[in-house]
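S.K.: Data file my_file.cif (mmCIF, C-alpha atoms; chains and numbers go by the auth columns) is appended below.
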data_my_file
#
loop_
_atom_site.group_PDB
_atom_site.id
_atom_site.type_symbol
_atom_site.label_atom_id
_atom_site.label_comp_id
_atom_site.label_asym_id
_atom_site.label_seq_id
_atom_site.Cartn_x
_atom_site.Cartn_y
_atom_site.Cartn_z
_atom_site.B_iso_or_equiv
_atom_site.auth_seq_id
_atom_site.auth_asym_id
ATOM 1 C CA MET A 1 41.557 98.855 57.612 0.00 1 A
ATOM 2 C CA ILE A 2 41.289 95.110 56.941 0.00 2 A
ATOM 3 C CA LYS A 3 43.753 95.466 54.077 0.00 3 A
ATOM 4 C CA LYS A 4 46.272 97.307 56.272 0.00 4 A
ATOM 5 C CA VAL A 5 46.007 94.766 59.097 0.00 5 A
ATOM 6 C CA ASN A 6 46.409 91.921 56.607 0.00 6 A
ATOM 7 C CA GLN A 7 49.506 93.603 55.155 0.00 7 A
ATOM 8 C CA THR A 8 50.974 94.004 58.648 0.00 8 A
ATOM 9 C CA ILE A 9 50.323 90.333 59.442 0.00 9 A
ATOM 10 C CA LYS A 10 52.138 89.320 56.267 0.00 10 A
ATOM 11 C CA LYS A 11 54.971 91.844 56.636 0.00 11 A
ATOM 12 C CA TYR A 12 55.874 90.694 60.152 0.00 12 A
ATOM 13 C CA ASP A 13 54.908 87.044 59.635 0.00 13 A
ATOM 14 C CA LEU A 14 52.528 87.221 62.611 0.00 14 A
ATOM 15 C CA LEU A 15 50.211 84.354 61.687 0.00 15 A
ATOM 16 C CA GLU A 16 50.460 81.164 59.696 0.00 16 A
ATOM 17 C CA ARG A 17 47.681 79.504 57.751 0.00 17 A
ATOM 18 C CA GLY A 18 45.618 77.152 59.932 0.00 18 A
ATOM 19 C CA GLU A 19 46.730 78.534 63.306 0.00 19 A
ATOM 20 C CA ARG A 20 44.465 78.829 66.326 0.00 20 A
ATOM 21 C CA VAL A 21 44.164 82.409 67.589 0.00 21 A
ATOM 22 C CA VAL A 22 42.684 83.498 70.907 0.00 22 A
ATOM 23 C CA VAL A 23 41.069 86.934 70.724 0.00 23 A
ATOM 24 C CA ALA A 24 40.668 88.627 74.103 0.00 24 A
ATOM 25 C CA LEU A 25 37.285 90.331 73.832 0.00 25 A
ATOM 26 C CA SER A 26 36.428 92.719 76.645 0.00 26 A
ATOM 27 C CA GLY A 27 33.228 93.894 74.998 0.00 27 A
ATOM 28 C CA GLY A 28 34.624 97.398 74.561 0.00 28 A
ATOM 29 C CA PRO A 29 35.155 99.207 71.259 0.00 29 A
ATOM 30 C CA ASP A 30 38.865 98.363 70.833 0.00 30 A
ATOM 31 C CA SER A 31 38.603 94.599 71.191 0.00 31 A
ATOM 32 C CA THR A 32 35.328 94.539 69.238 0.00 32 A
ATOM 33 C CA ALA A 33 37.055 96.378 66.378 0.00 33 A
ATOM 34 C CA LEU A 34 39.961 93.918 66.543 0.00 34 A
ATOM 35 C CA LEU A 35 37.583 90.972 66.244 0.00 35 A
ATOM 36 C CA THR A 36 35.630 92.622 63.427 0.00 36 A
ATOM 37 C CA VAL A 37 38.836 93.191 61.447 0.00 37 A
ATOM 38 C CA LEU A 38 40.352 89.811 62.257 0.00 38 A
ATOM 39 C CA ALA A 39 37.303 87.695 61.329 0.00 39 A
ATOM 40 C CA PRO A 40 37.543 88.098 57.524 0.00 40 A
ATOM 41 C CA ILE A 41 41.323 87.717 57.654 0.00 41 A
ATOM 42 C CA ALA A 42 40.835 84.502 59.638 0.00 42 A
ATOM 43 C CA LYS A 43 38.639 83.078 56.910 0.00 43 A
ATOM 44 C CA ALA A 44 41.201 83.901 54.246 0.00 44 A
ATOM 45 C CA LEU A 45 44.043 82.336 56.274 0.00 45 A
ATOM 46 C CA ASP A 46 41.962 79.396 57.551 0.00 46 A
ATOM 47 C CA LEU A 47 42.557 80.530 61.139 0.00 47 A
ATOM 48 C CA SER A 48 40.543 79.143 64.000 0.00 48 A
ATOM 49 C CA LEU A 49 39.419 82.069 66.163 0.00 49 A
ATOM 50 C CA ILE A 50 38.536 81.470 69.779 0.00 50 A
ATOM 51 C CA ILE A 51 36.966 84.337 71.676 0.00 51 A
ATOM 52 C CA ALA A 52 37.976 84.634 75.334 0.00 52 A
ATOM 53 C CA HIS A 53 36.362 86.991 77.824 0.00 53 A
ATOM 54 C CA PHE A 54 37.503 87.501 81.408 0.00 54 A
ATOM 55 C CA ASN A 55 34.967 89.125 83.700 0.00 55 A
ATOM 56 C CA HIS A 56 36.692 90.909 86.581 0.00 56 A
ATOM 57 C CA GLY A 57 33.293 91.728 88.072 0.00 57 A
ATOM 58 C CA LEU A 58 34.474 95.195 89.057 0.00 58 A
ATOM 59 C CA ARG A 59 31.483 97.031 87.608 0.00 59 A
ATOM 60 C CA GLY A 60 28.725 94.679 88.753 0.00 60 A
ATOM 61 C CA VAL A 61 25.907 94.408 86.221 0.00 61 A
ATOM 62 C CA GLU A 62 27.919 96.315 83.585 0.00 62 A
ATOM 63 C CA SER A 63 30.671 93.682 83.759 0.00 63 A
ATOM 64 C CA ASP A 64 28.084 90.946 83.307 0.00 64 A
ATOM 65 C CA GLU A 65 26.592 92.829 80.341 0.00 65 A
ATOM 66 C CA ASP A 66 30.038 92.989 78.694 0.00 66 A
ATOM 67 C CA GLU A 67 30.333 89.230 79.098 0.00 67 A
ATOM 68 C CA LYS A 68 26.845 88.711 77.668 0.00 68 A
ATOM 69 C CA TYR A 69 27.627 90.989 74.710 0.00 69 A
ATOM 70 C CA SER A 70 30.898 89.151 74.054 0.00 70 A
ATOM 71 C CA ARG A 71 29.156 85.772 74.156 0.00 71 A
ATOM 72 C CA GLU A 72 26.340 86.903 71.864 0.00 72 A
ATOM 73 C CA LEU A 73 28.733 88.478 69.358 0.00 73 A
ATOM 74 C CA SER A 74 30.790 85.287 69.269 0.00 74 A
ATOM 75 C CA GLU A 75 27.666 83.205 68.679 0.00 75 A
ATOM 76 C CA LYS A 76 26.472 85.583 65.961 0.00 76 A
ATOM 77 C CA MET A 77 29.838 85.227 64.207 0.00 77 A
ATOM 78 C CA GLY A 78 29.835 81.446 64.668 0.00 78 A
ATOM 79 C CA LEU A 79 32.997 81.485 66.796 0.00 79 A
ATOM 80 C CA SER A 80 33.996 79.464 69.852 0.00 80 A
ATOM 81 C CA PHE A 81 33.651 81.350 73.128 0.00 81 A
ATOM 82 C CA VAL A 82 35.186 80.780 76.546 0.00 82 A
ATOM 83 C CA SER A 83 34.835 82.957 79.614 0.00 83 A
ATOM 84 C CA GLY A 84 36.098 83.182 83.132 0.00 84 A
ATOM 85 C CA LYS A 85 35.084 85.222 86.129 0.00 85 A
ATOM 86 C CA MET A 86 37.301 86.450 88.907 0.00 86 A
ATOM 87 C CA ASP A 87 36.473 85.541 92.486 0.00 87 A
ATOM 88 C CA GLN A 88 36.229 88.940 94.171 0.00 88 A
ATOM 89 C CA ARG A 89 36.764 87.365 97.612 0.00 89 A
ATOM 90 C CA LYS A 90 40.310 86.411 96.751 0.00 90 A
ATOM 91 C CA GLY A 91 43.270 88.741 96.820 0.00 91 A
ATOM 92 C CA LYS A 92 46.993 88.823 97.372 0.00 92 A
ATOM 93 C CA LYS A 93 48.760 90.761 100.026 0.00 93 A
ATOM 94 C CA GLY A 94 51.648 92.915 98.937 0.00 94 A
ATOM 95 C CA ILE A 95 50.475 93.723 95.408 0.00 95 A
ATOM 96 C CA SER A 96 48.172 96.426 94.123 0.00 96 A
ATOM 97 C CA PRO A 97 44.608 95.517 93.131 0.00 97 A
ATOM 98 C CA GLU A 98 45.418 96.423 89.517 0.00 98 A
ATOM 99 C CA ASP A 99 48.382 94.049 89.495 0.00 99 A
ATOM 100 C CA TYR A 100 46.289 91.308 91.076 0.00 100 A
ATOM 101 C CA TYR A 101 43.515 91.722 88.456 0.00 101 A
ATOM 102 C CA ARG A 102 46.081 91.650 85.648 0.00 102 A
ATOM 103 C CA ARG A 103 47.653 88.463 87.004 0.00 103 A
ATOM 104 C CA GLU A 104 44.242 86.783 87.273 0.00 104 A
ATOM 105 C CA ARG A 105 43.422 87.764 83.686 0.00 105 A
ATOM 106 C CA TYR A 106 46.761 86.495 82.394 0.00 106 A
ATOM 107 C CA ASP A 107 46.316 83.211 84.260 0.00 107 A
ATOM 108 C CA PHE A 108 42.935 82.783 82.584 0.00 108 A
ATOM 109 C CA PHE A 109 44.356 83.397 79.128 0.00 109 A
ATOM 110 C CA LYS A 110 47.173 80.886 79.696 0.00 110 A
#
Show how you would write the structure in this file as structure tokens.

M.R.:
Amino acid sequence: MIKKVNQTIKKYDLLERGERVVVALSGGPDSTALLTVLAPIAKALDLSLIIAHFNHGLRGVESDEDEKYSRELSEKMGLSFVSGKMDQRKGKKGISPEDYYRRERYDFFK
């Protein structure tokens, strides 16, 4: 899988040597797999990986556990980690909760 991802990066010129890349790590299997595949590629391309986790707080303790897992995995891999947590008291009138959560997450990643 690493070979295929590396080939895709080269084919579409997705990354350049020495770039800084933010990896959005939710703590779930998809983003964990992405990080696991990207880490050795990052070393080969001299990329600086930064792990970012946004905790929506929608699942209480489970959300906090995902954040903890993401932080610990980042530390274990020797990678920079940043996190943010949504203020559940806030909200916007006129948009769906899903849209509001997405906007908050995107603002964090900016």

S.K.: Nearest to Pro29 (chain A) among A:Leu49, A:Arg103, A:Lys92, A:Asp66, with distances taken over only C-alpha atoms: which residue is it?

M.R.: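 Closest to Pro29 (chain A), using only C-alpha atoms: A:Asp66.
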
S.K.: Report the distance between CA of Gly84 (chain A) and CA of Arg20 (chain A) in Å, rounded to one decimal place.

M.R.: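 Pair CA of Gly84 (chain A) / CA of Arg20 (chain A) returns 19.3 Å.
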
S.K.: Distance CA of Lys85 (chain A)-CA of Leu73 (chain A), one decimal place?

M.R.: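 So the two atoms, CA of Lys85 (chain A) and CA of Leu73 (chain A), lie 18.2 Å apart.
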
S.K.: Go through A:Leu14, A:Asn6, A:Glu67, A:Gly57 and flag the residue nearest Ser26 (chain A), using all atoms listed in the file for the distances.

M.R.: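 For Ser26 (chain A), the nearest of the given residues is A:Glu67.
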
S.K.: Identify, on the basis of all atoms listed in the file, every residue whose closest approach to Ala52 (chain A) does not exceed 9 Å; exclude the query and any residue fewer than 4 positions from it along the same chain; express the result as an mmCIF file with C-alpha atoms, in the coordinates of the input.

M.R.:
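The resulting file, out.cif, is shown below:
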data_model
loop_
_atom_site.group_PDB
_atom_site.id
_atom_site.type_symbol
_atom_site.label_atom_id
_atom_site.label_comp_id
_atom_site.auth_asym_id
_atom_site.auth_seq_id
_atom_site.Cartn_x
_atom_site.Cartn_y
_atom_site.Cartn_z
ATOM 1 C CA VAL A 22 42.684 83.498 70.907
ATOM 2 C CA VAL A 23 41.069 86.934 70.724
ATOM 3 C CA ALA A 24 40.668 88.627 74.103
ATOM 4 C CA LEU A 25 37.285 90.331 73.832
ATOM 5 C CA SER A 26 36.428 92.719 76.645
ATOM 6 C CA SER A 70 30.898 89.151 74.054
ATOM 7 C CA ARG A 71 29.156 85.772 74.156
ATOM 8 C CA SER A 80 33.996 79.464 69.852
ATOM 9 C CA PHE A 81 33.651 81.350 73.128
ATOM 10 C CA VAL A 82 35.186 80.780 76.546
ATOM 11 C CA SER A 83 34.835 82.957 79.614
ATOM 12 C CA GLY A 84 36.098 83.182 83.132
ATOM 13 C CA PHE A 108 42.935 82.783 82.584
ATOM 14 C CA PHE A 109 44.356 83.397 79.128
#

S.K.: As a PDB file, in the coordinates of the input, please: region 67-78 of chain A completed to all heavy atoms.

M.R.:
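Output file out28.pdb follows:
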ATOM      1  N   GLU A  67      30.174  90.669  79.345  1.00  0.00           N
ATOM      2  CA  GLU A  67      30.333  89.230  79.098  1.00  0.00           C
ATOM      3  C   GLU A  67      29.215  88.708  78.195  1.00  0.00           C
ATOM      4  O   GLU A  67      29.459  87.951  77.253  1.00  0.00           O
ATOM      5  CB  GLU A  67      30.356  88.460  80.416  1.00  0.00           C
ATOM      6  CG  GLU A  67      30.561  86.978  80.226  1.00  0.00           C
ATOM      7  CD  GLU A  67      30.676  86.218  81.537  1.00  0.00           C
ATOM      8  OE1 GLU A  67      30.693  86.834  82.614  1.00  0.00           O
ATOM      9  OE2 GLU A  67      30.756  84.977  81.460  1.00  0.00           O
ATOM     10  N   LYS A  68      27.994  89.129  78.484  1.00  0.00           N
ATOM     11  CA  LYS A  68      26.845  88.711  77.668  1.00  0.00           C
ATOM     12  C   LYS A  68      27.014  89.189  76.227  1.00  0.00           C
ATOM     13  O   LYS A  68      26.788  88.430  75.279  1.00  0.00           O
ATOM     14  CB  LYS A  68      25.556  89.281  78.264  1.00  0.00           C
ATOM     15  CG  LYS A  68      24.309  88.913  77.504  1.00  0.00           C
ATOM     16  CD  LYS A  68      23.078  89.539  78.127  1.00  0.00           C
ATOM     17  CE  LYS A  68      21.873  89.272  77.257  1.00  0.00           C
ATOM     18  NZ  LYS A  68      20.707  90.051  77.671  1.00  0.00           N
ATOM     19  N   TYR A  69      27.405  90.443  76.051  1.00  0.00           N
ATOM     20  CA  TYR A  69      27.627  90.989  74.710  1.00  0.00           C
ATOM     21  C   TYR A  69      28.704  90.191  73.970  1.00  0.00           C
ATOM     22  O   TYR A  69      28.539  89.836  72.804  1.00  0.00           O
ATOM     23  CB  TYR A  69      28.042  92.465  74.800  1.00  0.00           C
ATOM     24  CG  TYR A  69      28.545  93.025  73.498  1.00  0.00           C
ATOM     25  CD1 TYR A  69      27.669  93.401  72.499  1.00  0.00           C
ATOM     26  CD2 TYR A  69      29.919  93.158  73.262  1.00  0.00           C
ATOM     27  CE1 TYR A  69      28.134  93.895  71.288  1.00  0.00           C
ATOM     28  CE2 TYR A  69      30.393  93.646  72.060  1.00  0.00           C
ATOM     29  CZ  TYR A  69      29.487  94.022  71.078  1.00  0.00           C
ATOM     30  OH  TYR A  69      29.956  94.500  69.879  1.00  0.00           O
ATOM     31  N   SER A  70      29.794  89.895  74.663  1.00  0.00           N
ATOM     32  CA  SER A  70      30.898  89.151  74.054  1.00  0.00           C
ATOM     33  C   SER A  70      30.441  87.757  73.619  1.00  0.00           C
ATOM     34  O   SER A  70      30.769  87.293  72.524  1.00  0.00           O
ATOM     35  CB  SER A  70      32.073  89.047  75.033  1.00  0.00           C
ATOM     36  OG  SER A  70      32.579  90.326  75.344  1.00  0.00           O
ATOM     37  N   ARG A  71      29.670  87.104  74.477  1.00  0.00           N
ATOM     38  CA  ARG A  71      29.156  85.772  74.156  1.00  0.00           C
ATOM     39  C   ARG A  71      28.223  85.837  72.946  1.00  0.00           C
ATOM     40  O   ARG A  71      28.334  85.039  72.016  1.00  0.00           O
ATOM     41  CB  ARG A  71      28.422  85.177  75.354  1.00  0.00           C
ATOM     42  CG  ARG A  71      27.783  83.814  75.053  1.00  0.00           C
ATOM     43  CD  ARG A  71      27.118  83.188  76.263  1.00  0.00           C
ATOM     44  NE  ARG A  71      28.122  82.542  77.084  1.00  0.00           N
ATOM     45  CZ  ARG A  71      28.557  82.994  78.265  1.00  0.00           C
ATOM     46  NH1 ARG A  71      28.043  84.082  78.776  1.00  0.00           N
ATOM     47  NH2 ARG A  71      29.483  82.346  78.927  1.00  0.00           N
ATOM     48  N   GLU A  72      27.313  86.791  72.962  1.00  0.00           N
ATOM     49  CA  GLU A  72      26.340  86.903  71.864  1.00  0.00           C
ATOM     50  C   GLU A  72      27.013  87.255  70.541  1.00  0.00           C
ATOM     51  O   GLU A  72      26.638  86.721  69.493  1.00  0.00           O
ATOM     52  CB  GLU A  72      25.262  87.935  72.214  1.00  0.00           C
ATOM     53  CG  GLU A  72      24.326  87.449  73.306  1.00  0.00           C
ATOM     54  CD  GLU A  72      23.343  88.500  73.785  1.00  0.00           C
ATOM     55  OE1 GLU A  72      23.478  89.703  73.401  1.00  0.00           O
ATOM     56  OE2 GLU A  72      22.449  88.150  74.577  1.00  0.00           O
ATOM     57  N   LEU A  73      28.013  88.125  70.576  1.00  0.00           N
ATOM     58  CA  LEU A  73      28.733  88.478  69.358  1.00  0.00           C
ATOM     59  C   LEU A  73      29.468  87.261  68.811  1.00  0.00           C
ATOM     60  O   LEU A  73      29.453  87.006  67.605  1.00  0.00           O
ATOM     61  CB  LEU A  73      29.714  89.630  69.621  1.00  0.00           C
ATOM     62  CG  LEU A  73      30.546  90.096  68.422  1.00  0.00           C
ATOM     63  CD1 LEU A  73      29.646  90.578  67.285  1.00  0.00           C
ATOM     64  CD2 LEU A  73      31.511  91.198  68.853  1.00  0.00           C
ATOM     65  N   SER A  74      30.083  86.506  69.688  1.00  0.00           N
ATOM     66  CA  SER A  74      30.790  85.287  69.269  1.00  0.00           C
ATOM     67  C   SER A  74      29.825  84.308  68.613  1.00  0.00           C
ATOM     68  O   SER A  74      30.133  83.724  67.561  1.00  0.00           O
ATOM     69  CB  SER A  74      31.460  84.623  70.472  1.00  0.00           C
ATOM     70  OG  SER A  74      32.391  85.497  71.057  1.00  0.00           O
ATOM     71  N   GLU A  75      28.674  84.117  69.240  1.00  0.00           N
ATOM     72  CA  GLU A  75      27.666  83.205  68.679  1.00  0.00           C
ATOM     73  C   GLU A  75      27.185  83.698  67.315  1.00  0.00           C
ATOM     74  O   GLU A  75      27.054  82.914  66.372  1.00  0.00           O
ATOM     75  CB  GLU A  75      26.485  83.066  69.641  1.00  0.00           C
ATOM     76  CG  GLU A  75      26.817  82.276  70.891  1.00  0.00           C
ATOM     77  CD  GLU A  75      25.708  82.290  71.928  1.00  0.00           C
ATOM     78  OE1 GLU A  75      24.635  82.911  71.690  1.00  0.00           O
ATOM     79  OE2 GLU A  75      25.915  81.688  73.004  1.00  0.00           O
ATOM     80  N   LYS A  76      26.934  84.993  67.218  1.00  0.00           N
ATOM     81  CA  LYS A  76      26.472  85.583  65.961  1.00  0.00           C
ATOM     82  C   LYS A  76      27.493  85.361  64.842  1.00  0.00           C
ATOM     83  O   LYS A  76      27.132  85.138  63.690  1.00  0.00           O
ATOM     84  CB  LYS A  76      26.229  87.082  66.160  1.00  0.00           C
ATOM     85  CG  LYS A  76      25.738  87.815  64.957  1.00  0.00           C
ATOM     86  CD  LYS A  76      25.520  89.289  65.271  1.00  0.00           C
ATOM     87  CE  LYS A  76      25.156  90.069  64.035  1.00  0.00           C
ATOM     88  NZ  LYS A  76      25.010  91.494  64.320  1.00  0.00           N
ATOM     89  N   MET A  77      28.771  85.407  65.197  1.00  0.00           N
ATOM     90  CA  MET A  77      29.838  85.227  64.207  1.00  0.00           C
ATOM     91  C   MET A  77      30.201  83.754  64.015  1.00  0.00           C
ATOM     92  O   MET A  77      31.061  83.429  63.199  1.00  0.00           O
ATOM     93  CB  MET A  77      31.077  86.034  64.627  1.00  0.00           C
ATOM     94  CG  MET A  77      30.818  87.533  64.672  1.00  0.00           C
ATOM     95  SD  MET A  77      32.261  88.476  65.221  1.00  0.00           S
ATOM     96  CE  MET A  77      33.154  88.591  63.674  1.00  0.00           C
ATOM     97  N   GLY A  78      29.569  82.871  64.787  1.00  0.00           N
ATOM     98  CA  GLY A  78      29.835  81.446  64.668  1.00  0.00           C
ATOM     99  C   GLY A  78      31.195  81.036  65.205  1.00  0.00           C
ATOM    100  O   GLY A  78      31.807  80.093  64.705  1.00  0.00           O
TER     101      GLY A  78
END
